[in-house]
>>> print(open('structure_39.cif').read())   # mmCIF, C-alpha atoms
data_start
loop_
_atom_site.label_atom_id
_atom_site.label_comp_id
_atom_site.auth_asym_id
_atom_site.auth_seq_id
_atom_site.Cartn_x
_atom_site.Cartn_y
_atom_site.Cartn_z
CA MET K 158 27.63 -12.18 -22.08
CA THR K 159 26.17 -9.83 -19.47
CA ALA K 160 28.66 -7.35 -18.05
CA ASN K 161 29.53 -7.62 -14.36
CA LEU K 162 28.41 -4.23 -13.06
CA LEU K 163 30.33 -4.78 -9.82
CA ASP K 164 33.63 -5.41 -11.59
CA LEU K 165 36.51 -3.78 -9.68
CA THR K 166 39.34 -5.23 -11.73
CA GLY K 167 42.49 -3.18 -11.44
CA ARG K 168 41.15 -0.85 -8.77
CA ARG K 169 43.25 -0.36 -5.66
CA ILE K 170 41.15 -0.10 -2.50
CA LEU K 171 42.16 0.43 1.12
CA VAL K 172 40.11 -1.47 3.72
CA THR K 173 40.46 -0.66 7.42
CA GLY K 174 39.42 -3.11 10.10
CA ALA K 175 40.43 -5.93 7.74
CA SER K 176 41.84 -8.32 10.37
CA ALA K 177 40.76 -11.93 10.13
CA ASP K 178 38.82 -11.73 13.40
CA SER K 179 36.68 -8.82 12.14
CA ASP K 180 33.69 -10.44 10.48
CA ILE K 181 32.57 -7.43 8.45
CA GLY K 182 36.01 -6.08 7.54
CA ARG K 183 37.31 -9.51 6.51
CA THR K 184 34.23 -10.22 4.43
CA ILE K 185 34.40 -6.83 2.71
CA ALA K 186 37.99 -7.62 1.76
CA MET K 187 37.04 -11.04 0.40
CA THR K 188 34.12 -9.61 -1.59
CA LEU K 189 36.12 -6.78 -3.15
CA ALA K 190 39.02 -9.07 -4.02
CA GLY K 191 36.53 -11.47 -5.59
CA GLN K 192 35.47 -8.63 -7.90
CA GLY K 193 39.07 -8.07 -8.97
CA ALA K 194 40.17 -5.27 -6.62
CA ARG K 195 43.74 -5.03 -5.36
CA LEU K 196 43.57 -4.35 -1.65
CA VAL K 197 45.56 -2.57 1.03
CA LEU K 198 44.56 -4.32 4.25
CA VAL K 199 44.76 -2.12 7.34
CA GLY K 200 44.61 -2.98 11.03
CA ARG K 201 46.83 -2.87 14.06
CA ARG K 202 48.02 -6.51 13.97
CA ALA K 203 50.09 -7.70 11.01
CA GLU K 204 49.45 -11.38 11.76
CA ALA K 205 45.65 -10.98 11.66
CA LEU K 206 45.91 -9.05 8.39
CA GLU K 207 48.09 -11.77 6.88
CA GLU K 208 45.38 -14.29 7.79
CA THR K 209 42.90 -12.25 5.77
CA ARG K 210 45.27 -11.90 2.85
CA ALA K 211 45.72 -15.68 2.74
CA LEU K 212 41.96 -16.01 2.17
CA LEU K 213 41.97 -13.76 -0.90
CA PRO K 214 42.41 -14.79 -4.53
CA ASP K 215 46.00 -14.10 -5.62
CA PRO K 216 47.26 -13.16 -2.13
CA ASP K 217 50.46 -11.68 -3.54
CA GLY K 218 48.37 -9.08 -5.38
CA HIS K 219 47.31 -7.49 -2.08
CA ARG K 220 49.27 -5.55 0.53
CA VAL K 221 49.20 -5.71 4.31
CA ALA K 222 49.69 -2.29 5.93
CA PRO K 223 49.58 -2.39 9.75
CA PHE K 224 48.77 1.03 11.19
CA ASP K 225 47.23 2.56 14.32
CA LEU K 226 44.40 4.77 13.03
CA THR K 227 44.10 6.54 16.37
CA THR K 228 47.29 8.45 15.50
CA LEU K 229 45.13 10.88 13.54
CA ASP K 230 47.69 13.44 12.40
CA ALA K 231 49.89 10.69 10.95
CA ILE K 232 47.18 9.35 8.62
CA PRO K 233 47.64 11.69 5.60
CA GLY K 234 51.41 11.19 5.44
CA TRP K 235 51.02 7.43 5.79
CA MET K 236 48.50 7.37 2.93
CA LYS K 237 50.88 9.42 0.79
CA GLU K 238 53.54 6.78 1.36
CA LEU K 239 51.09 3.99 0.45
CA ALA K 240 50.33 5.71 -2.85
CA SER K 241 53.95 6.46 -3.68
CA GLY K 242 54.87 2.85 -3.00
CA GLY K 243 52.02 1.11 -4.79
CA GLY K 244 50.06 3.60 -6.88
CA PRO K 245 46.96 5.72 -6.28
CA LEU K 246 43.99 4.46 -4.29
CA ASP K 247 40.71 4.24 -6.21
CA GLY K 248 38.68 3.85 -3.05
CA LEU K 249 38.67 3.21 0.66
CA VAL K 250 36.36 1.50 3.12
CA HIS K 251 36.60 2.51 6.77
CA SER K 252 35.31 -0.51 8.65
CA ALA K 253 37.48 -0.25 11.76
CA SER K 254 35.32 0.70 14.73
CA ILE K 255 35.01 0.82 18.49
CA GLN K 256 31.75 -0.81 19.57
CA GLY K 257 30.10 -1.32 22.91
CA TYR K 258 27.83 0.07 25.58
CA THR K 259 28.59 3.11 27.76
CA VAL K 260 25.85 4.15 30.16
CA LEU K 261 25.62 7.81 31.13
CA ARG K 262 26.37 7.36 34.83
CA THR K 263 29.83 5.90 34.10
CA MET K 264 30.73 7.96 31.03
CA SER K 265 34.16 9.61 31.03
CA ALA K 266 36.30 11.87 28.85
CA ALA K 267 38.40 8.84 27.99
CA ASP K 268 35.30 7.03 26.71
CA ILE K 269 34.37 9.99 24.53
CA ASP K 270 37.84 10.14 23.03
CA ARG K 271 37.94 6.37 22.48
CA TYR K 272 34.73 6.26 20.44
CA PHE K 273 35.13 9.46 18.47
CA ARG K 274 38.85 9.16 17.73
CA LEU K 275 38.53 5.95 15.70
CA ASN K 276 34.91 5.96 14.58
CA THR K 277 34.67 9.58 13.45
CA GLY K 278 38.07 11.25 13.68
CA ALA K 279 39.90 8.57 11.70
CA ALA K 280 37.13 8.70 9.09
CA ALA K 281 37.74 12.42 8.60
CA MET K 282 41.51 12.06 8.41
CA LEU K 283 41.28 9.16 5.98
CA ALA K 284 39.27 11.44 3.70
CA ARG K 285 41.88 14.17 4.11
CA GLY K 286 44.57 11.67 3.17
CA PHE K 287 42.60 10.30 0.24
CA GLN K 288 42.05 13.67 -1.43
CA GLN K 289 45.78 14.45 -1.58
CA LYS K 290 47.41 14.78 -4.97
CA GLY K 291 48.77 11.41 -6.01
CA VAL K 292 46.64 9.44 -3.55
CA ALA K 293 43.26 9.56 -5.30
CA PRO K 294 43.49 9.23 -9.10
CA PRO K 295 42.70 12.28 -11.27
CA GLY K 296 39.37 10.77 -12.33
CA GLY K 297 38.05 10.58 -8.77
CA GLY K 298 37.30 7.76 -6.37
CA ALA K 299 34.98 6.54 -3.66
CA ILE K 300 34.96 6.58 0.13
CA VAL K 301 32.65 4.24 2.06
CA TYR K 302 32.22 4.50 5.82
CA ILE K 303 30.68 1.62 7.78
CA GLY K 304 28.26 3.28 10.18
CA SER K 305 25.35 1.79 12.10
CA VAL K 306 21.60 2.13 12.49
CA ALA K 307 22.53 3.25 16.00
CA GLY K 308 23.56 6.50 14.33
CA LEU K 309 20.06 6.88 12.87
CA ALA K 310 17.93 5.80 15.85
CA GLY K 311 18.54 5.94 19.57
CA GLN K 312 19.74 2.86 21.43
CA LYS K 313 19.71 2.68 25.21
CA GLY K 314 23.16 2.55 26.76
CA ARG K 315 24.93 3.27 23.46
CA SER K 316 24.97 7.07 23.41
CA LEU K 317 28.64 7.48 22.57
CA TYR K 318 28.70 4.72 19.97
CA ALA K 319 25.51 6.08 18.39
CA ALA K 320 26.81 9.65 18.36
CA SER K 321 30.10 8.64 16.80
CA LYS K 322 28.26 6.79 14.03
CA ALA K 323 25.75 9.62 13.55
CA GLY K 324 28.78 11.83 12.97
CA LEU K 325 29.60 9.79 9.88
CA THR K 326 26.31 10.82 8.25
CA ALA K 327 27.05 14.52 8.72
CA LEU K 328 30.68 14.01 7.71
CA ALA K 329 29.74 12.20 4.51
CA GLN K 330 27.15 14.78 3.52
CA SER K 331 29.58 17.67 3.92
CA LEU K 332 32.54 15.88 2.35
CA ALA K 333 30.38 14.80 -0.59
CA LEU K 334 29.87 18.48 -1.41
CA GLU K 335 33.46 19.48 -0.70
CA LEU K 336 34.93 16.70 -2.86
CA ALA K 337 32.37 16.62 -5.66
CA ASP K 338 34.52 18.74 -7.97
CA ARG K 339 37.23 16.09 -7.57
CA ARG K 340 34.69 13.36 -8.48
CA ILE K 341 35.29 11.77 -5.08
CA ARG K 342 32.09 10.21 -3.75
CA VAL K 343 31.49 9.76 -0.01
CA ASN K 344 28.79 7.47 1.41
CA VAL K 345 27.88 5.58 4.59
CA ILE K 346 26.47 2.09 5.09
CA ALA K 347 24.37 1.74 8.26
CA PRO K 348 23.87 -1.93 9.20
CA ALA K 349 21.57 -3.20 11.93
CA VAL K 350 22.55 -6.39 13.78
CA VAL K 351 24.89 -8.49 11.66
CA LEU K 352 25.53 -12.09 12.67
CA GLY K 353 29.04 -12.82 13.85
CA ARG K 354 31.27 -12.52 16.91
CA GLN K 355 30.01 -9.08 17.94
CA ALA K 356 26.36 -10.13 17.63
CA GLU K 357 27.01 -13.25 19.69
CA ARG K 358 28.45 -11.12 22.49
CA GLN K 359 25.45 -8.80 22.28
CA PHE K 360 22.97 -11.69 22.40
CA ALA K 361 24.72 -13.13 25.45
CA MET K 362 24.13 -9.89 27.36
CA LEU K 363 20.39 -9.76 26.70
CA PRO K 364 17.65 -11.37 28.84
CA PRO K 365 15.07 -13.39 26.86
CA VAL K 366 12.51 -10.55 26.69
CA GLN K 367 15.01 -8.10 25.21
CA ARG K 368 16.33 -10.72 22.80
CA ALA K 369 12.79 -11.32 21.55
CA ALA K 370 12.30 -7.59 21.06
CA LEU K 371 15.55 -7.39 19.10
CA ASP K 372 14.44 -10.29 16.92
CA ALA K 373 11.12 -8.55 16.23
CA ALA K 374 12.92 -5.32 15.28
CA HIS K 375 14.44 -7.07 12.25
CA PRO K 376 11.48 -8.02 10.00
CA LEU K 377 13.78 -9.74 7.47
CA GLY K 378 15.87 -11.35 10.18
CA TYR K 379 19.45 -10.56 11.05
CA GLY K 380 21.99 -9.64 8.42
CA THR K 381 25.25 -11.28 7.45
CA PRO K 382 28.67 -9.75 6.77
CA GLU K 383 28.07 -10.57 3.11
CA ASP K 384 25.07 -8.20 3.07
CA VAL K 385 27.25 -5.31 4.20
CA ALA K 386 30.08 -6.27 1.86
CA ALA K 387 27.73 -6.37 -1.14
CA ALA K 388 26.55 -2.84 -0.36
CA ALA K 389 30.15 -1.65 -0.11
CA ALA K 390 30.99 -3.20 -3.47
CA PHE K 391 27.92 -1.55 -5.02
CA LEU K 392 28.95 1.90 -3.79
CA LEU K 393 32.59 1.47 -4.86
CA ALA K 394 31.87 0.11 -8.33
CA GLY K 395 30.43 1.85 -11.35
CA THR K 396 26.98 1.05 -10.00
CA GLY K 397 27.50 3.83 -7.46
CA ARG K 398 28.87 6.45 -9.84
CA TRP K 399 25.94 8.86 -9.26
CA ILE K 400 25.53 8.28 -5.53
CA THR K 401 27.18 10.52 -2.96
CA GLY K 402 26.38 11.98 0.46
CA VAL K 403 24.02 9.08 1.23
CA THR K 404 23.61 6.94 4.34
CA LEU K 405 22.29 3.57 3.18
CA PRO K 406 20.55 1.46 5.85
CA VAL K 407 21.29 -2.25 5.37
CA ASP K 408 19.10 -3.35 8.21
CA GLY K 409 16.50 -5.98 7.36
CA GLY K 410 13.68 -3.48 7.91
CA TYR K 411 14.90 -2.21 11.29
CA ARG K 412 14.30 1.43 10.33
CA ALA K 413 10.90 0.69 8.79
CA GLY K 414 9.33 -0.13 12.16
#
>>> encode(input="structure_39.cif", output="structure tokens")
Amino acid sequence: MTANLLDLTGRRILVTGASADSDIGRTIAMTLAGQGARLVLVGRRAEALEETRALLPDPDGHRVAPFDLTTLDAIPGWMKELASGGGPLDGLVHSASIQGYTVLRTMSAADIDRYFRLNTGAAAMLARGFQQKGVAPPGGGAIVYIGSVAGLAGQKGRSLYAASKAGLTALAQSLALELADRRIRVNVIAPAVVLGRQAERQFAMLPPVQRAALDAAHPLGYGTPEDVAAAAAFLLAGTGRWITGVTLPVDGGYRAG
């Protein structure tokens, strides 16, 4: 019998943005649980997290942990409590994100804080929490950030979103070096347009000419949440054991054009 290289049996993984109405976060949770992982589901709304847990195999084997990730200084202590109450975390996926458009003429300090606090600041503090003694296991672990191709290529009207996601690339590269002696790997997944609720809202805002251009920018067509989830599983499992500091485009050829 061929071994399942993506097997995550027995590994405890924290997934942010795991609410049932988050297409990518929910699908990442379902994919990891399907590979045997025990999950800590994180979001602001307990009810939406419970909906996700109900979709997973052996729901009682997973934990719902409502938390506001914008309370940055509280993250390390909260993660310490999660580990003391349920055991070390073998990995984490930061999928929670603020998305949207913010044109320069209306940009404000509040907008800057809103994008960077959750998209980049929480990512940094999650890593700080993860590397604490007793949180990550002695043998190491894996951190996966969900970024965006917007962080790799400019997008009109999305300067703050793009900058906050570009920050994940720099963060992962530096943390990969800082945490290498702990065998903690840090990587980013950068999707292009992924079908789901967010994509539908984006499509509704675009006139036909711009929609056609967006279609053409994805030579393999649009992605699905399952495409992103599969990449996350790959980086968390033994298949990613020698990969760190990388930003992996999962974009249907968007960056090739």
>>> residues_near_point(input="structure_39.cif", point="(28.6, 0.1, 21.2)", cutoff="12 Å", atoms="only C-alpha atoms", output="mmCIF file with C-alpha atoms, in the frame of the given file")
data_model
loop_
_atom_site.group_PDB
_atom_site.id
_atom_site.type_symbol
_atom_site.label_atom_id
_atom_site.label_comp_id
_atom_site.auth_asym_id
_atom_site.auth_seq_id
_atom_site.Cartn_x
_atom_site.Cartn_y
_atom_site.Cartn_z
ATOM 1 C CA SER K 254 35.320 0.700 14.730
ATOM 2 C CA ILE K 255 35.010 0.820 18.490
ATOM 3 C CA GLN K 256 31.750 -0.810 19.570
ATOM 4 C CA GLY K 257 30.100 -1.320 22.910
ATOM 5 C CA TYR K 258 27.830 0.070 25.580
ATOM 6 C CA THR K 259 28.590 3.110 27.760
ATOM 7 C CA VAL K 260 25.850 4.150 30.160
ATOM 8 C CA ASP K 268 35.300 7.030 26.710
ATOM 9 C CA ILE K 269 34.370 9.990 24.530
ATOM 10 C CA ARG K 271 37.940 6.370 22.480
ATOM 11 C CA TYR K 272 34.730 6.260 20.440
ATOM 12 C CA PHE K 273 35.130 9.460 18.470
ATOM 13 C CA ASN K 276 34.910 5.960 14.580
ATOM 14 C CA GLY K 304 28.260 3.280 10.180
ATOM 15 C CA SER K 305 25.350 1.790 12.100
ATOM 16 C CA VAL K 306 21.600 2.130 12.490
ATOM 17 C CA ALA K 307 22.530 3.250 16.000
ATOM 18 C CA GLY K 308 23.560 6.500 14.330
ATOM 19 C CA GLY K 311 18.540 5.940 19.570
ATOM 20 C CA GLN K 312 19.740 2.860 21.430
ATOM 21 C CA LYS K 313 19.710 2.680 25.210
ATOM 22 C CA GLY K 314 23.160 2.550 26.760
ATOM 23 C CA ARG K 315 24.930 3.270 23.460
ATOM 24 C CA SER K 316 24.970 7.070 23.410
ATOM 25 C CA LEU K 317 28.640 7.480 22.570
ATOM 26 C CA TYR K 318 28.700 4.720 19.970
ATOM 27 C CA ALA K 319 25.510 6.080 18.390
ATOM 28 C CA ALA K 320 26.810 9.650 18.360
ATOM 29 C CA SER K 321 30.100 8.640 16.800
ATOM 30 C CA LYS K 322 28.260 6.790 14.030
ATOM 31 C CA VAL K 350 22.550 -6.390 13.780
ATOM 32 C CA GLN K 355 30.010 -9.080 17.940
ATOM 33 C CA ALA K 356 26.360 -10.130 17.630
ATOM 34 C CA ARG K 358 28.450 -11.120 22.490
ATOM 35 C CA GLN K 359 25.450 -8.800 22.280
#
>>> closest_residue(input="structure_39.cif", among="K:Gly353, K:Pro294, K:Gly414, K:Gly174", to="Ser252 of chain K", atoms="all atoms listed in the file")
K:Gly174
>>> resolve_selection(input="structure_39.cif", expression="the PyMOL selection byres ((chain K and resi 407-410) around 7)", output="JSON, numbers by chain")
{"K": [346, 347, 348, 349, 375, 376, 377, 378, 379, 380, 385, 405, 406, 411, 412, 413, 414]}
>>> write_last_selection(input="structure_39.cif", atoms="C-alpha atoms", output="compact mmCIF listing (two decimals), in the frame of the given file")
# COMPACT_ATOMS: atom_id res chain seq x y z
CA ILE K 346 26.47 2.09 5.09
CA ALA K 347 24.37 1.74 8.26
CA PRO K 348 23.87 -1.93 9.20
CA ALA K 349 21.57 -3.20 11.93
CA HIS K 375 14.44 -7.07 12.25
CA PRO K 376 11.48 -8.02 10.00
CA LEU K 377 13.78 -9.74 7.47
CA GLY K 378 15.87 -11.35 10.18
CA TYR K 379 19.45 -10.56 11.05
CA GLY K 380 21.99 -9.64 8.42
CA VAL K 385 27.25 -5.31 4.20
CA LEU K 405 22.29 3.57 3.18
CA PRO K 406 20.55 1.46 5.85
CA TYR K 411 14.90 -2.21 11.29
CA ARG K 412 14.30 1.43 10.33
CA ALA K 413 10.90 0.69 8.79
CA GLY K 414 9.33 -0.13 12.16
>>> residues_around(input="structure_39.cif", residues="Tyr302 of chain K", least_positions_apart="4", cutoff="10 Å", atoms="all atoms listed in the file", output="list in words")
Thr173, Leu249, Val250, His251, Ser252, Ala253, Asn276, Thr277, Ala280, Lys322, Leu325, Thr326, Leu328, Ala329, Val343, Asn344, Val345, Ile346, Ala347, Ala389 and Thr404 of chain K
>>> atom_distance(input="structure_39.cif", atom1="atom CA of Ala387 of chain K", atom2="atom CA of Gly191 of chain K")
11.1 Å
>>> atom_distance(input="structure_39.cif", atom1="atom CA of Ile170 of chain K", atom2="atom CA of Leu189 of chain K")
8.4 Å
>>> atom_distance(input="structure_39.cif", atom1="atom CA of Lys237 of chain K", atom2="atom CA of Val199 of chain K")
14.6 Å
>>> residues_near_point(input="structure_39.cif", point="(35.1, -5.0, 1.7)", cutoff="7 Å", atoms="all atoms listed in the file", output="PyMOL selection string")
chain K and resi 172+182-189+250+386+389-390
>>> resolve_selection(input="structure_39.cif", expression="the PyMOL selection byres ((chain K and resi 397) around 10)", output="list in words")
Leu162, Leu163, Ala299, Arg342, Asn344, Ala388, Ala389, Ala390, Phe391, Leu392, Leu393, Ala394, Gly395, Thr396, Arg398, Trp399, Ile400 and Thr401 of chain K
>>> resolve_selection(input="structure_39.cif", expression="the PyMOL selection byres ((chain K and resi 225) around 7)", output="list in words")
Gly200, Arg201, Phe224, Leu226, Thr227 and Thr228 of chain K
>>> write_last_selection(input="structure_39.cif", atoms="C-alpha atoms", output="CSV table (one decimal), in the frame of the given file")
chain,number,residue,atom,x,y,z
K,200,GLY,CA,44.6,-3.0,11.0
K,201,ARG,CA,46.8,-2.9,14.1
K,224,PHE,CA,48.8,1.0,11.2
K,226,LEU,CA,44.4,4.8,13.0
K,227,THR,CA,44.1,6.5,16.4
K,228,THR,CA,47.3,8.4,15.5
>>> closest_residue(input="structure_39.cif", among="K:Ala160, K:Ala205, K:Leu246, K:Leu334", to="Ser176 of chain K", atoms="all atoms listed in the file")
K:Ala205
>>> closest_residue(input="structure_39.cif", among="K:Arg210, K:Arg368, K:His219, K:Arg274", to="Leu196 of chain K", atoms="all atoms listed in the file")
K:His219
>>> closest_residue(input="structure_39.cif", among="K:Pro223, K:Gly167, K:Gly218, K:Pro295", to="Glu204 of chain K", atoms="all atoms listed in the file")
K:Pro223
>>> closest_residue(input="structure_39.cif", among="K:Ala231, K:Val366, K:Asp180, K:Asp217", to="Glu383 of chain K", atoms="only C-alpha atoms")
K:Asp180
